[in-house]
$ cat work-v1.cif   # mmCIF, C-alpha atoms
data_final
loop_
_atom_site.label_atom_id
_atom_site.label_comp_id
_atom_site.auth_asym_id
_atom_site.auth_seq_id
_atom_site.Cartn_x
_atom_site.Cartn_y
_atom_site.Cartn_z
CA MET A 1 55.08 134.58 12.05
CA THR A 2 55.26 131.05 10.63
CA GLN A 3 56.99 130.80 7.28
CA ARG A 4 55.09 128.71 4.71
CA ILE A 5 57.67 126.89 2.59
CA VAL A 6 57.22 125.13 -0.76
CA ILE A 7 59.75 122.39 -1.50
CA ILE A 8 60.86 122.31 -5.14
CA GLY A 9 61.38 118.66 -6.06
CA ALA A 10 59.78 115.53 -4.62
CA GLY A 11 62.54 112.91 -4.83
CA GLY A 12 64.65 111.39 -2.08
CA HIS A 13 66.62 114.55 -1.43
CA ALA A 14 63.41 116.57 -1.18
CA GLN A 15 62.13 114.20 1.48
CA VAL A 16 65.33 114.78 3.49
CA VAL A 17 64.64 118.52 3.25
CA ALA A 18 61.03 117.96 4.30
CA ASP A 19 62.19 115.95 7.31
CA ILE A 20 64.58 118.73 8.32
CA LEU A 21 61.83 121.35 8.12
CA LEU A 22 59.34 119.18 10.01
CA ARG A 23 61.88 118.51 12.77
CA ALA A 24 62.80 122.19 12.92
CA ALA A 25 59.11 123.04 13.35
CA ALA A 26 58.82 120.43 16.11
CA TYR A 27 61.71 122.18 17.89
CA GLY A 28 59.85 125.47 17.77
CA GLN A 29 61.16 127.09 14.60
CA ALA A 30 58.54 129.15 12.79
CA CYS A 31 58.46 127.12 9.58
CA GLN A 32 55.74 125.10 7.90
CA PRO A 33 56.46 123.01 4.79
CA ILE A 34 53.22 122.91 2.82
CA GLY A 35 54.16 120.42 0.11
CA TYR A 36 56.27 119.64 -2.93
CA LEU A 37 56.24 120.80 -6.55
CA ASP A 38 57.78 118.47 -9.14
CA ASP A 39 57.55 118.30 -12.92
CA ASN A 40 57.26 114.49 -12.87
CA PRO A 41 53.50 113.89 -13.28
CA THR A 42 53.67 110.34 -11.93
CA CYS A 43 54.17 111.63 -8.39
CA HIS A 44 51.44 114.27 -8.41
CA GLY A 45 48.82 113.64 -5.74
CA GLN A 46 51.09 111.39 -3.67
CA GLN A 47 51.94 111.94 -0.02
CA ARG A 48 55.57 111.90 1.09
CA LEU A 49 56.36 112.24 4.80
CA GLY A 50 52.78 113.39 5.21
CA LEU A 51 53.15 116.26 2.72
CA PRO A 52 51.40 116.34 -0.66
CA VAL A 53 53.03 116.50 -4.08
CA LEU A 54 50.87 119.36 -5.29
CA GLY A 55 51.77 119.48 -8.98
CA PRO A 56 54.34 120.92 -11.39
CA ILE A 57 56.69 123.78 -10.58
CA SER A 58 54.58 126.09 -12.77
CA MET A 59 51.91 125.97 -10.03
CA LEU A 60 54.11 127.96 -7.67
CA ALA A 61 52.60 131.33 -8.60
CA THR A 62 49.14 130.08 -7.59
CA LEU A 63 50.13 128.78 -4.15
CA PRO A 64 50.04 130.98 -1.06
CA HIS A 65 53.56 130.75 0.38
CA ASP A 66 56.35 132.80 1.91
CA SER A 67 59.47 131.08 0.59
CA VAL A 68 60.82 128.12 -1.35
CA ILE A 69 63.77 125.75 -1.14
CA VAL A 70 65.16 123.92 -4.16
CA ALA A 71 65.54 120.33 -2.94
CA ILE A 72 67.25 118.68 -5.91
CA GLY A 73 70.58 116.89 -5.54
CA ASP A 74 72.02 117.61 -9.00
CA ASN A 75 74.07 120.78 -8.56
CA ARG A 76 73.55 122.16 -12.06
CA VAL A 77 69.79 121.58 -12.03
CA ARG A 78 69.52 123.05 -8.54
CA ALA A 79 71.54 126.11 -9.61
CA ARG A 80 69.39 126.64 -12.71
CA LEU A 81 66.13 126.46 -10.80
CA PHE A 82 67.49 128.71 -8.05
CA ALA A 83 68.42 131.34 -10.65
CA GLU A 84 65.03 131.09 -12.37
CA LEU A 85 63.10 131.40 -9.12
CA LYS A 86 65.29 134.25 -7.88
CA ALA A 87 64.59 136.12 -11.13
CA ARG A 88 60.86 135.76 -10.39
CA GLY A 89 61.34 137.40 -7.00
CA GLU A 90 61.00 134.29 -4.84
CA HIS A 91 62.39 134.24 -1.32
CA PHE A 92 64.48 131.26 -0.24
CA ALA A 93 64.24 129.38 3.04
CA ARG A 94 67.13 127.70 4.82
CA ALA A 95 66.65 124.15 6.09
CA ILE A 96 68.86 123.49 9.13
CA HIS A 97 68.44 120.30 11.12
CA PRO A 98 68.13 120.85 14.89
CA THR A 99 71.08 118.50 15.52
CA ALA A 100 73.48 120.48 13.32
CA ILE A 101 76.19 122.34 15.27
CA ILE A 102 76.91 125.75 13.77
CA ALA A 103 79.21 128.39 15.27
CA PRO A 104 77.46 131.70 16.00
CA ASP A 105 79.49 133.72 13.49
CA VAL A 106 78.93 131.39 10.53
CA VAL A 107 77.28 133.06 7.52
CA ILE A 108 74.73 130.90 5.67
CA GLY A 109 73.30 131.91 2.32
CA PRO A 110 69.64 131.66 1.26
CA GLY A 111 68.26 128.32 0.17
CA THR A 112 70.99 126.30 1.88
CA MET A 113 70.31 122.94 3.53
CA ILE A 114 72.31 121.62 6.50
CA CYS A 115 71.56 118.02 7.45
CA ALA A 116 71.53 116.04 10.67
CA GLY A 117 74.83 115.89 12.52
CA ALA A 118 76.65 118.42 10.33
CA ILE A 119 79.19 120.71 12.02
CA VAL A 120 80.28 124.14 10.78
CA ASN A 121 83.06 125.80 12.75
CA PRO A 122 83.84 129.49 13.37
CA GLY A 123 84.69 131.91 10.60
CA SER A 124 83.12 129.85 7.82
CA VAL A 125 80.94 131.29 5.07
CA ILE A 126 78.43 129.00 3.37
CA GLY A 127 76.99 130.26 0.10
CA ALA A 128 73.48 130.15 -1.33
CA ASN A 129 71.67 126.96 -2.38
CA VAL A 130 74.36 124.74 -0.79
CA ILE A 131 73.92 121.19 0.54
CA LEU A 132 75.88 120.25 3.66
CA ASN A 133 74.84 116.64 3.92
CA THR A 134 74.57 114.22 6.83
CA ALA A 135 77.41 114.34 9.38
CA CYS A 136 79.79 116.34 7.22
CA THR A 137 82.20 118.68 9.02
CA VAL A 138 83.33 122.08 7.82
CA ASP A 139 86.24 123.34 9.86
CA HIS A 140 87.14 126.92 10.71
CA HIS A 141 87.33 129.71 8.12
CA ASN A 142 86.06 127.69 5.18
CA GLN A 143 84.48 129.29 2.13
CA VAL A 144 81.82 127.15 0.45
CA GLY A 145 80.55 128.57 -2.84
CA ASP A 146 76.98 128.79 -4.08
CA HIS A 147 75.33 125.54 -5.25
CA ALA A 148 78.10 123.31 -3.85
CA HIS A 149 77.37 119.94 -2.24
CA LEU A 150 79.39 118.33 0.54
CA ALA A 151 78.13 114.75 0.67
CA PRO A 152 77.59 112.65 3.83
CA GLY A 153 80.70 112.21 5.95
CA VAL A 154 82.88 114.76 4.13
CA HIS A 155 85.53 116.44 6.30
CA THR A 156 87.31 119.68 5.41
CA GLY A 157 90.30 121.14 7.24
CA GLY A 158 90.74 124.75 8.22
CA ALA A 159 90.77 127.54 5.63
CA VAL A 160 89.48 125.33 2.81
CA THR A 161 87.73 126.82 -0.22
CA ILE A 162 85.04 124.84 -2.03
CA GLY A 163 84.14 126.48 -5.33
CA SER A 164 80.70 127.21 -6.71
CA GLY A 165 78.87 124.10 -7.86
CA ALA A 166 81.57 121.72 -6.65
CA LEU A 167 80.62 118.23 -5.47
CA VAL A 168 82.69 116.58 -2.74
CA GLY A 169 81.73 112.90 -2.59
CA ILE A 170 80.83 110.71 0.35
CA GLY A 171 83.56 110.39 2.94
CA ALA A 172 86.10 112.53 1.10
CA ILE A 173 88.67 114.60 3.02
CA VAL A 174 90.00 118.01 1.97
CA MET A 175 93.22 118.95 3.73
CA PRO A 176 93.67 122.42 5.30
CA GLN A 177 94.18 125.44 3.04
CA ARG A 178 93.29 123.53 -0.13
CA ARG A 179 90.90 124.68 -2.83
CA VAL A 180 88.39 122.63 -4.83
CA GLY A 181 87.61 124.62 -7.97
CA ASP A 182 84.24 125.64 -9.36
CA TRP A 183 82.10 122.77 -10.69
CA SER A 184 84.72 120.16 -9.87
CA VAL A 185 83.94 116.68 -8.53
CA VAL A 186 85.86 114.92 -5.75
CA GLY A 187 85.23 111.17 -5.73
CA ALA A 188 83.93 109.30 -2.71
CA GLY A 189 86.62 108.57 -0.13
CA ALA A 190 89.24 110.72 -1.86
CA LEU A 191 91.98 112.62 -0.03
CA VAL A 192 92.50 116.09 -1.49
CA HIS A 193 96.04 117.14 -0.60
CA ARG A 194 96.55 119.56 -3.51
CA ASP A 195 94.32 122.20 -5.07
CA VAL A 196 91.78 120.93 -7.59
CA THR A 197 91.33 123.11 -10.66
CA ALA A 198 87.90 124.13 -11.93
CA GLU A 199 85.79 121.62 -13.89
CA THR A 200 88.02 118.70 -12.87
CA VAL A 201 87.13 115.23 -11.60
CA VAL A 202 89.53 113.74 -9.05
CA ALA A 203 89.51 110.48 -7.10
CA GLY A 204 91.76 108.30 -5.00
CA VAL A 205 94.14 108.52 -2.05
CA PRO A 206 95.79 110.85 -2.70
CA ALA A 207 93.34 112.37 -5.17
CA GLN A 208 94.45 112.41 -8.80
CA PRO A 209 92.75 114.02 -11.82
CA LEU A 210 90.60 111.67 -13.89
CA TYR A 211 89.00 114.15 -16.23
CA VAL A 212 89.20 117.86 -17.09
CA ARG A 213 86.37 119.43 -19.03
CA ALA A 214 87.53 121.10 -22.25
CA VAL A 215 86.77 124.77 -22.84
CA GLY A 216 83.34 125.10 -24.43
CA GLU A 217 82.35 121.51 -23.67
#

$ encode --input "work-v1.cif" --output "structure tokens"
Amino acid sequence: MTQRIVIIGAGGHAQVVADILLRAAAYGQACQPIGYLDDNPTCHGQQRLGLPVLGPISMLATLPHDSVIVAIGDNRVRARLFAELKARGEHFARAIHPTAIIAPDVVIGPGTMICAGAIVNPGSVIGANVILNTACTVDHHNQVGDHAHLAPGVHTGGAVTIGSGALVGIGAIVMPQRRVGDWSVVGAGALVHRDVTAETVVAGVPAQPLYVRAVGE
């Protein structure tokens, strides 16, 4: 049975998700993206990759559908909407590009998007509502927490842990057995050779802390 999927968001990232779903359908997967919902009224009625922007997110209850995917790049916004939709009983689709290479034993949570050219090696567990962006590589026995985002060209070594909501920037490298804490940010091109604590921004080669969020901030 073909799964009718509503894409939440209609920006650039949402169009990447739409492209993944359309290509997956062309390769025989039983999925059918039916359009976008976005709270920006200026895009309502537009067509993007041949799919309509149907209206605001509040329309979801009126649309016949089987599942949704939250296609918004900002980790905190994506996490909030995922939680709200989960509380309403929505089911979440996965968007996995046909060119992604994923080991058979990899566990992938609901609502996760895996882009073109991404590789996920054996023993890895990918959480819910995660973005594994274009051509990133996740080596063996990684743990990637819910709502995290590995940007294009990120490479992680074996037995790496990426915390919930963490953002690893374009082209960054995380050395084996290192941990990037919850809601931390790794700058583009950084080399993570030591653990990164939660709520910390690091950058550089090797990566150094730039900012640590204060408790209650």

$ resolve_selection --input "work-v1.cif" --expression "the PyMOL selection byres ((chain A and resi 47) around 12)" --output "PDB file with C-alpha atoms, in the coordinates of the input"
ATOM      1  CA  ALA A  10      59.780 115.530  -4.620  1.00  0.00           C
ATOM      2  CA  GLY A  11      62.540 112.910  -4.830  1.00  0.00           C
ATOM      3  CA  GLN A  15      62.130 114.200   1.480  1.00  0.00           C
ATOM      4  CA  ALA A  18      61.030 117.960   4.300  1.00  0.00           C
ATOM      5  CA  ILE A  34      53.220 122.910   2.820  1.00  0.00           C
ATOM      6  CA  GLY A  35      54.160 120.420   0.110  1.00  0.00           C
ATOM      7  CA  TYR A  36      56.270 119.640  -2.930  1.00  0.00           C
ATOM      8  CA  LEU A  37      56.240 120.800  -6.550  1.00  0.00           C
ATOM      9  CA  CYS A  43      54.170 111.630  -8.390  1.00  0.00           C
ATOM     10  CA  HIS A  44      51.440 114.270  -8.410  1.00  0.00           C
ATOM     11  CA  GLY A  45      48.820 113.640  -5.740  1.00  0.00           C
ATOM     12  CA  GLN A  46      51.090 111.390  -3.670  1.00  0.00           C
ATOM     13  CA  ARG A  48      55.570 111.900   1.090  1.00  0.00           C
ATOM     14  CA  LEU A  49      56.360 112.240   4.800  1.00  0.00           C
ATOM     15  CA  GLY A  50      52.780 113.390   5.210  1.00  0.00           C
ATOM     16  CA  LEU A  51      53.150 116.260   2.720  1.00  0.00           C
ATOM     17  CA  PRO A  52      51.400 116.340  -0.660  1.00  0.00           C
ATOM     18  CA  VAL A  53      53.030 116.500  -4.080  1.00  0.00           C
ATOM     19  CA  LEU A  54      50.870 119.360  -5.290  1.00  0.00           C
ATOM     20  CA  GLY A  55      51.770 119.480  -8.980  1.00  0.00           C
TER      21      GLY A  55
END

$ closest_residue --input "work-v1.cif" --among "A:Ala30, A:Leu21, A:Val106, A:Leu191" --to "A:Gln3" --atoms "all atoms listed in the file"
A:Ala30

$ resolve_selection --input "work-v1.cif" --expression "the PyMOL selection byres ((chain A and resi 126-140) around 6)" --output "ChimeraX atom specification"
/A:107-125,141-142,144-158

$ resolve_selection --input "work-v1.cif" --expression "the PyMOL selection byres ((chain A and resi 189) around 12)" --output "PyMOL selection string"
chain A and resi 151-155+168-174+185-188+190-192+202-207

$ axis_aligned_box --input "work-v1.cif" --around "stretch 149-152 of chain A" --padding-each-side "5 Å" --output "JSON"
{"center_x": 78.4, "center_y": 116.3, "center_z": 0.8, "size_x": 12.0, "size_y": 17.3, "size_z": 16.1}

$ closest_residue --input "work-v1.cif" --among "A:Ile162, A:Ile101, A:Val201, A:Ile57" --to "A:Asn40" --atoms "only C-alpha atoms"
A:Ile57

$ closest_residue --input "work-v1.cif" --among "A:Val77, A:Gly165, A:Thr42, A:Gln177" --to "A:Glu199" --atoms "only C-alpha atoms"
A:Gly165

$ residues_around --input "work-v1.cif" --residues "A:Ala14" --least-positions-apart "4" --cutoff "9 Å" --atoms "only C-alpha atoms" --output "list of chain:residue names"
A:Ile7, A:Ile8, A:Gly9, A:Ala10, A:Ala18, A:Asp19, A:Tyr36, A:Val70, A:Ala71, A:Ile72, A:Gly73

$ closest_residue --input "work-v1.cif" --among "A:Met175, A:Val180, A:Val6, A:Val160" --to "A:Asp38" --atoms "only C-alpha atoms"
A:Val6

$ atom_distance --input "work-v1.cif" --atom1 "atom CA of A:His91" --atom2 "atom CA of A:Gly181"
27.8 Å

$ atom_distance --input "work-v1.cif" --atom1 "atom CA of A:Pro33" --atom2 "atom CA of A:Val68"
9.1 Å

$ atom_distance --input "work-v1.cif" --atom1 "atom CA of A:Gln29" --atom2 "atom CA of A:Thr2"
8.1 Å

$ closest_residue --input "work-v1.cif" --among "A:Ala198, A:Ala166, A:Ala103, A:Ile96" --to "A:Ile20" --atoms "only C-alpha atoms"
A:Ile96

$ closest_residue --input "work-v1.cif" --among "A:Asp105, A:Asp182, A:Glu90, A:Asp39" --to "A:Ile69" --atoms "all atoms listed in the file"
A:Glu90
